[in-house]
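Right, one structure below, let's go through it.
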Amino acid sequence: MLFQTTEFLVLLTVVLIAIMVIRRRRFQHGVLTAASFLFYGWWDVRFLLLIVLSTVVDYSAAMGIVKSRRMTMARGMMLGMLLIGAAVFFLLPNWPDWQAALKAGRMPEPGTPWIARWSGLFPSIGLVVVIAILGPLTYVLWARLKDASRRRAFLLTSITVNLGVLAFFKYFNFFVDSAHGIAGSLGYDISITTLEVALPVGISFYTFQTMSYTIDVYRGKLRPEKSLLRLGLYVSYFPQLVAGPILRPSEFLPSLRKSWVLRAENLRSGFNLALIGLFKKVIIADNVAPLVDVIFARPEGQSSIVIMLGTFLFAVQIYCDFSGYTDIARAISRMFGVEIPINFNFPYFSTSITQFWRRWHISLSSWLRDYLYIPLGGSRVSIPMTYVNLMITMLLGGLWHGASWNFVVWGGYQGALLAGNKVLAEFTSKVSWLDRWSRHWAVLVVRWGITTYLWLLGWLIFRVTNFSDLWYCVKKFVIFDGSLGIGAAGLGRGDPFTAVGAAAVFFLLHALDYLLSCRTGSTFATRLGTVPYPVRAGVYALAGFAFFFAWPARNGAFIYFQF
Amino acid sequence: MPDDQPKAPIGGGIRTEEPSRRGLLAELIRLCVPLLVGLGLAFAIHHFIVLPQLGLPADVRRPIAIASSLDADLFKDDDSVAVIISNSAGVEGIDASIVQAAAPEGWRVYNFSTNGTNQVEARLLADRLADAGADLVIWLFRPDMLSTPRSMHPDVVFAYALGKFADTTPWIGGPWVDAETLTQLDAGQSAMSAHFRRRWLDALNYSMRRRMRSGIRTPESDNFQSPFNLEVVLDGERLDRHVGEIAAMMDAELTGIEANGPTSGREFMREMIDDFMHRPAELAIVIAPTHPDLDEQFKPIEIEVLSFFKPFSASKGLRVGTAAGLLEVSDYADAIHPNESGRVRLSTWLGEWMPPPPSEQSDLR
């Protein structure tokens with residue numbers, strides 16, 4: 001379900017009314033979890049099983065880590081039964097055909113079978129049954145281990161299951177294809193077939209989110225959640241389920257200890273933020289996207305200026321798409337009364353790559369720092385190892401984005417930039433005049449220019465998945481070919497005026513927002529909540545005006561859903 | 001880090017008093033009403049000022065123009081009427097006056113091709129033209145038309161809705177048209193106006209496109225003789241790019257070309273041919289010419305398409321012709337559309353291929 005659709009508006013309205021009417025905490029959680037399942041199941045009901053699996057495994061693992069008395073054999077078997085029930089309910093009925101029919105606006109054909117017929121149905125159910133039976137047995141086995149071993153065993157089980165699911169759905173075909181490619185280039189022919197399996201939306205996001213729960217319990221930073229329902233809500237919380245921000249359990253679970261109450265100031269503030277997010281997504285990102293798609297569909301033969309234009313527009317698109325999603329996610333959650341941390345802080349105004357990564361996709365950067373970079377040793381090891389750790393973190397961070405080699409290259413590129421930045425920063429900090437000079441406004445402008453060029457090049461690597469196209473684009477981006485004409489580029493189908501106009505509007509508003517933030521410490525979204533009502537009403541009316549005239553004919557999915 | 005959080009406490013932390021439902025409702029009204037006023041005002045400006053000023057896009061105007069011409073009894077003075085339907089290949093590649101000059105005497109020929117026509121649109125047009133009294137409906141058939149029928153472009157759906165094309169078409173409720181399109185085919189002026197809310201942007205983009213790619217003319221929507229748009233010829237790198245684009249587009253659009261199921265393109269054509277057996281008008285299929293640079297990709301498909309139609313020729317007298325290899329590279333404006341010389345060659349060939357008019361033959365079938 002996309003945020004910018006009527007279905008979502010209906011769902012949100014129902015949830016808001018439910019929170020207003022229902023005062024009992026447990027019932028509120030039930031409604032929110034059901035809404036989250038409906039939200040996620042809208043794409044494909046079958047993938048809800050993965051959410052249930054993650055929840056049950058992490059719930060049990062956390063209980064095992066602290067050796068909770070709540071976790072009895074009977075309870076373990078009940079969880080196993082729950083898992084089997086979920087597998088039967090989500091997999092066995094013919095959800096795919098019914099969903100397809102309902103989405104096409106018609107009833108299923110009279111002869112549509114009741115039982116699903118997709119390949120892998122019974123093996124999948126069988127696998128879940130095996131997990132459901134082995135789960136309690138494994139729990140009993142691990143529970144008998146000594147303290148440190150037991151804790152490690154439960155943690156490893158949780159990580160293995162979560163990463164195993166992620167690897168299967170996201171990376172299996174990638175690794176098989178890569179193995180085929182490597183073997184083929186060496187003259188061997190290996191026969192491993194790829195799987196026809198769809199990538200569950202947002203799997204990377206909720207996998208990382210649920211892993212942080214078990215790891216935090218293991219580290220003793222968090223007490224395990226007693227309620228399976230509350231943990232399920234943490235894993236599946238719909239505003240941020242499919243594209244983050246990746247929530248930490250300590251940021252969300254405490255809010256479930258009291259009933260949620262709708263408040264006028266939260267509704268207002270959330271509404272303002274949602275309008276801004278929606279504006280970024282549908283007015284900017286979705287209007288820039290067609291031209292970006294046209295340019296990068298067949299980049300070969302395009303001039304430097306066109307490749308640069310495409311890269312620049314993609315930078316606008318991805319920022320507005322992703323930060324627009326985050327704004328809406330935060331806005332919805334704020335309406336419920338729960339604050340979600342920010343994910344972006346004017347990254348395009350960064351004056352170094354290190355700063356860029358502190359401002360871009362903050363929840364992922366901090367997750368990678370806390371759960372990968374620091375456990376690897378971070379910067380507390382030898383200098384060469386620090387750079388190795390940095391590179392490993394960024395390579396895996398790149399791969400997290402997608403099962404494609406260009407993301408690995410992108411991660412490596414970012415790792416190299418961060419390493420270079422670190423070397424430079426350390427050198428600068430040792431020479432006092434250089435340190436002072438590097439903070440002069442004129443130097444900051446130059447640094448901003450260089451940083452912008454570098455992250456733009458990074459977006460090019462991110463966008464172009466085919467290596468021969470990528471090589472061509474990088475050459476054109478780095479070495480200007482002197483051609484200034486774009487008449488032969490075939491950009492007509494990409495609605496060039498709309499795309500460039502939307503990008504210009506974005507930069508104007510974004511720069512003003514940044515200046516406002518620098519001067520007053522608050523953004524446009526905050527200021528909007530403080531101005532007199534007539535001014536605010538005028539802004540809302542203008543937003544309605546803009547939405548009418550520039551909302552695209554078809555709603556585009558968010559880019560980060562694929563990750 | 002920007003402070004974009006409200007100053008009021010979040011999550012019911014400090015304040016304990018319960019907000020009244022009436023207060024919340026009042027706040028919601030204060031938030032939503034100005035937004036809705038903005039939307040409403042925008043709609044009014046668009047509906048009463050912008051759209052009447054700019055008009056509908058040319059491709060949308062054409063089906064409406066066809067409908068109004070037919071309503072005005074366009075064929076009333078003609079004895080034997082042959083109509084050509086097709087997509088942009090026919091828009092660019094057919095000059096009805098040349099076809100008429102080359103055809104056996106007695107025919108009055110019209111070109112009702114429209115840009116981007118898919119199977120469903122072609123059938124809507126064919127039915128309407130047959131109902132209006134055409135004797136021969138020639139479909140200049142691009143081979144990918146045998147693939148699974150695609151959804152109609154929403155813009156064009158409204159054109160067919162305004163032209164009331166679907167009013168007397170029983171098959172429209174079948175599997176070929178999705179529910180959304182079906183609703184849109186029944187839409188009124190307000191829904192149409194809301195749909196074309198981006199008309200101002202389209203107009204700006206079109207003018208920019210014309211600046212970037214000169215050689216595009218805008219013919220009148222009711223030009224049923226030679227409605228071509230392109231006056232420019234692509235060559236060199238630009239042509240190579242276009243060939244590549246068309247090849248990729250064809251790959252994507254050839255889905256299900258071999259399928260035979262109830263929603264397949266083959267079943268669609270079978271049903272249409274059967275339907276025309278019960279009409280006074282004759283349906284004829286002519287495989288459209290394809291650019292020589294795309295021969296490798298198209299040749300097997302053309303053979304497939306011809307072998308599909310062959311049994312209908314034998315059993316039902318369906319007239320089938322092929323202009324597949326007719327044109328040379330120099331006859332094309334780009335990778336898909338004939339240029340002036342291509343238009344003359346194709347139109348002449350088509351005229352010569354046409355049968356004598358019904359008055360000159362004992363039995364057309």
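Simple scheme: letters A, B, ... for chains in structure tokens order, numbers from 1 for residues in each chain, numbers from 1 for ligands in the order shown.
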
7 Å contacts from chain A to chain B using only C-alpha atoms, as a PyMOL selection string: chain A and resi 104-106+255+260-261+263-265+269+337-339+345+487-488+492+495-498+517+521-523+525-526+537+540-545+548-550

File of the preceding selection, N, CA and C atoms, as a CSV table (one decimal), in the first residue's frame:
chain,number,residue,atom,x,y,z
A,104,ALA,N,-7.5,-5.5,-9.6
A,104,ALA,CA,-7.9,-5.1,-10.9
A,104,ALA,C,-9.4,-4.6,-10.9
A,105,GLY,N,-9.9,-4.6,-9.7
A,105,GLY,CA,-11.3,-4.0,-9.5
A,105,GLY,C,-12.4,-5.0,-9.9
A,106,ARG,N,-12.1,-6.3,-9.9
A,106,ARG,CA,-13.2,-7.2,-10.2
A,106,ARG,C,-13.2,-8.4,-9.2
A,255,SER,N,7.2,3.5,24.2
A,255,SER,CA,5.9,4.2,23.9
A,255,SER,C,4.7,3.3,24.0
A,260,TRP,N,-1.9,5.2,23.7
A,260,TRP,CA,-1.7,6.4,22.8
A,260,TRP,C,-2.9,7.3,22.9
A,261,VAL,N,-2.6,8.6,22.9
A,261,VAL,CA,-3.7,9.5,22.9
A,261,VAL,C,-3.5,10.5,21.8
A,263,ARG,N,-3.7,14.0,20.1
A,263,ARG,CA,-3.7,15.4,20.6
A,263,ARG,C,-3.7,16.3,19.4
A,264,ALA,N,-4.4,17.5,19.6
A,264,ALA,CA,-4.5,18.4,18.5
A,264,ALA,C,-3.2,18.9,18.0
A,265,GLU,N,-2.3,19.2,18.9
A,265,GLU,CA,-1.0,19.7,18.5
A,265,GLU,C,-0.2,18.7,17.7
A,269,SER,N,1.0,19.2,13.9
A,269,SER,CA,2.4,19.0,13.5
A,269,SER,C,2.6,17.9,12.5
A,337,GLY,N,1.1,10.1,18.2
A,337,GLY,CA,1.7,10.5,19.4
A,337,GLY,C,3.0,9.9,19.7
A,338,VAL,N,3.6,9.3,18.7
A,338,VAL,CA,4.9,8.6,18.8
A,338,VAL,C,5.9,9.2,17.9
A,339,GLU,N,7.0,9.7,18.5
A,339,GLU,CA,8.0,10.4,17.7
A,339,GLU,C,9.0,9.4,17.1
A,345,ASN,N,19.2,15.2,7.4
A,345,ASN,CA,19.5,16.6,7.9
A,345,ASN,C,20.3,17.4,6.9
A,487,GLY,N,19.6,18.5,-28.1
A,487,GLY,CA,18.5,18.2,-29.1
A,487,GLY,C,18.4,16.8,-29.6
A,488,ALA,N,19.5,16.1,-29.7
A,488,ALA,CA,19.4,14.8,-30.2
A,488,ALA,C,19.3,13.7,-29.2
A,492,GLY,N,12.4,14.0,-25.1
A,492,GLY,CA,11.0,14.5,-25.1
A,492,GLY,C,10.0,13.6,-24.3
A,495,ASP,N,9.3,14.4,-20.4
A,495,ASP,CA,8.7,15.6,-19.9
A,495,ASP,C,9.8,16.5,-19.3
A,496,PRO,N,10.7,17.0,-20.2
A,496,PRO,CA,11.8,17.8,-19.6
A,496,PRO,C,11.5,19.0,-18.9
A,497,PHE,N,10.4,19.7,-19.3
A,497,PHE,CA,10.0,21.0,-18.6
A,497,PHE,C,9.6,20.7,-17.2
A,498,THR,N,8.8,19.7,-17.0
A,498,THR,CA,8.3,19.3,-15.7
A,498,THR,C,9.4,18.9,-14.8
A,517,SER,N,16.9,27.1,8.7
A,517,SER,CA,17.4,26.2,9.7
A,517,SER,C,18.7,26.7,10.4
A,521,GLY,N,17.4,27.7,13.7
A,521,GLY,CA,17.5,26.3,14.3
A,521,GLY,C,16.2,25.5,14.1
A,522,SER,N,15.2,26.1,13.3
A,522,SER,CA,14.0,25.3,13.1
A,522,SER,C,13.8,25.3,11.6
A,523,THR,N,13.1,24.2,11.1
A,523,THR,CA,12.9,24.1,9.7
A,523,THR,C,11.5,24.7,9.4
A,525,ALA,N,8.9,23.1,8.4
A,525,ALA,CA,7.8,22.3,9.0
A,525,ALA,C,7.5,22.8,10.4
A,526,THR,N,8.5,23.1,11.2
A,526,THR,CA,8.3,23.6,12.5
A,526,THR,C,7.7,25.0,12.5
A,537,ALA,N,-3.4,28.4,6.8
A,537,ALA,CA,-4.5,28.0,6.0
A,537,ALA,C,-4.2,28.3,4.5
A,540,TYR,N,-1.8,25.7,3.3
A,540,TYR,CA,-2.6,24.5,3.0
A,540,TYR,C,-3.3,24.6,1.6
A,541,ALA,N,-3.9,25.8,1.4
A,541,ALA,CA,-4.7,25.9,0.2
A,541,ALA,C,-3.7,25.9,-1.0
A,542,LEU,N,-2.5,26.5,-0.8
A,542,LEU,CA,-1.5,26.5,-1.9
A,542,LEU,C,-1.1,25.1,-2.2
A,543,ALA,N,-0.9,24.3,-1.1
A,543,ALA,CA,-0.6,22.9,-1.3
A,543,ALA,C,-1.6,22.1,-2.1
A,544,GLY,N,-2.9,22.4,-1.7
A,544,GLY,CA,-4.0,21.8,-2.5
A,544,GLY,C,-4.0,22.2,-3.9
A,545,PHE,N,-3.7,23.4,-4.2
A,545,PHE,CA,-3.5,23.9,-5.5
A,545,PHE,C,-2.4,23.2,-6.3
A,548,PHE,N,-3.3,19.5,-7.0
A,548,PHE,CA,-4.2,19.3,-8.1
A,548,PHE,C,-3.5,19.4,-9.4
A,549,PHE,N,-2.7,20.4,-9.6
A,549,PHE,CA,-2.1,20.7,-10.9
A,549,PHE,C,-0.9,19.8,-11.2
A,550,ALA,N,-0.2,19.3,-10.3
A,550,ALA,CA,1.0,18.6,-10.6
A,550,ALA,C,1.1,17.1,-10.1

Write out as an MDAnalysis selection string which residues come within 12 Å of Phe349 (chain A) when counting only C-alpha atoms, dropping same-chain ones fewer than 4 positions away. chainID A and resid 344:345 353 355:360 444:453 455 507 510:515 517:518

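With CA of Leu185 (chain B) on one side and CA of Ala161 (chain B) on the other, the separation reads 4.4 Å.
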
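Atom pair CA of Leu91 (chain A) / CA of Ser119 (chain A) has a distance of 11.3 Å (rounded to one decimal).
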
Near region 267-282 of chain B, within 9 Å and counting only C-alpha atoms, which residues show up once chain neighbours fewer than 2 positions away are dropped, as JSON, numbers by chain? {"B": [119, 120, 123, 127, 129, 130, 131, 133, 134, 135, 136, 137, 138, 146, 148, 149, 176, 259, 260, 261, 262, 263, 264, 265, 284, 312, 316, 318, 319, 364, 365]}

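We find CA of Gly529 (chain A) and CA of Leu16 (chain A) to be spaced 20.3 Å apart.
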
Please return, as number ranges by chain, all residues of region 63-184 of chain B that DSSP assigns to strand (DSSP E) on the basis of the backbone. B: 80-85, 107-111, 136-141

Selection near region 61-72 of chain A, 7 Å with only C-alpha atoms, sequence-local residues under 4 positions removed, as a PyMOL selection string: chain A and resi 57+76+143+150-151+154-155+158+214+217-218+224

Output C-alpha atoms for every residue in that selection, as a short mmCIF file (atom, residue, chain, number, x, y, z; two decimals), in the first residue's frame.
data_model
loop_
_atom_site.label_atom_id
_atom_site.label_comp_id
_atom_site.auth_asym_id
_atom_site.auth_seq_id
_atom_site.Cartn_x
_atom_site.Cartn_y
_atom_site.Cartn_z
CA VAL A 57 12.19 -16.10 16.54
CA GLY A 76 7.41 -22.58 23.03
CA ALA A 143 18.74 -23.16 27.52
CA ARG A 150 23.61 -19.80 25.96
CA ARG A 151 23.38 -16.09 25.30
CA PHE A 154 20.42 -17.58 21.11
CA LEU A 155 21.87 -14.46 19.54
CA SER A 158 18.30 -15.09 15.78
CA THR A 214 17.94 -9.19 19.91
CA VAL A 217 18.90 -7.58 24.64
CA TYR A 218 22.15 -9.55 24.28
CA PRO A 224 13.13 -8.41 26.55
#

Which residues are close to Gly301 (chain A), i.e. within 12 Å by only C-alpha atoms, leaving aside same-chain residues fewer than 3 positions away? Reply as a ChimeraX atom specification. /A:295-298,304-307,469,472-473,475-476,481,483,486,488-490 /B:236-242,244

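Ranking B:Ile45, B:Ser151, B:Ala159, B:Ala96 by their shortest atom-to-atom distance to Ala58 (chain B), with only C-alpha atoms included, puts B:Ala159 first.
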
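For Glu296 (chain B), the set of protein, DNA and RNA residues having any atom at most 12 Å away, when counting only C-alpha atoms and skipping those fewer than 6 positions along the same chain, is Val243, Ala247, Thr290, Glu302, Ile303 and Gly325 of chain B.
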
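You can rank A:Ala87, A:Leu12, A:Leu508, A:Ala553 by their closest distance to Val31 (chain A) using only C-alpha atoms, and at the top of that list sits A:Leu12.
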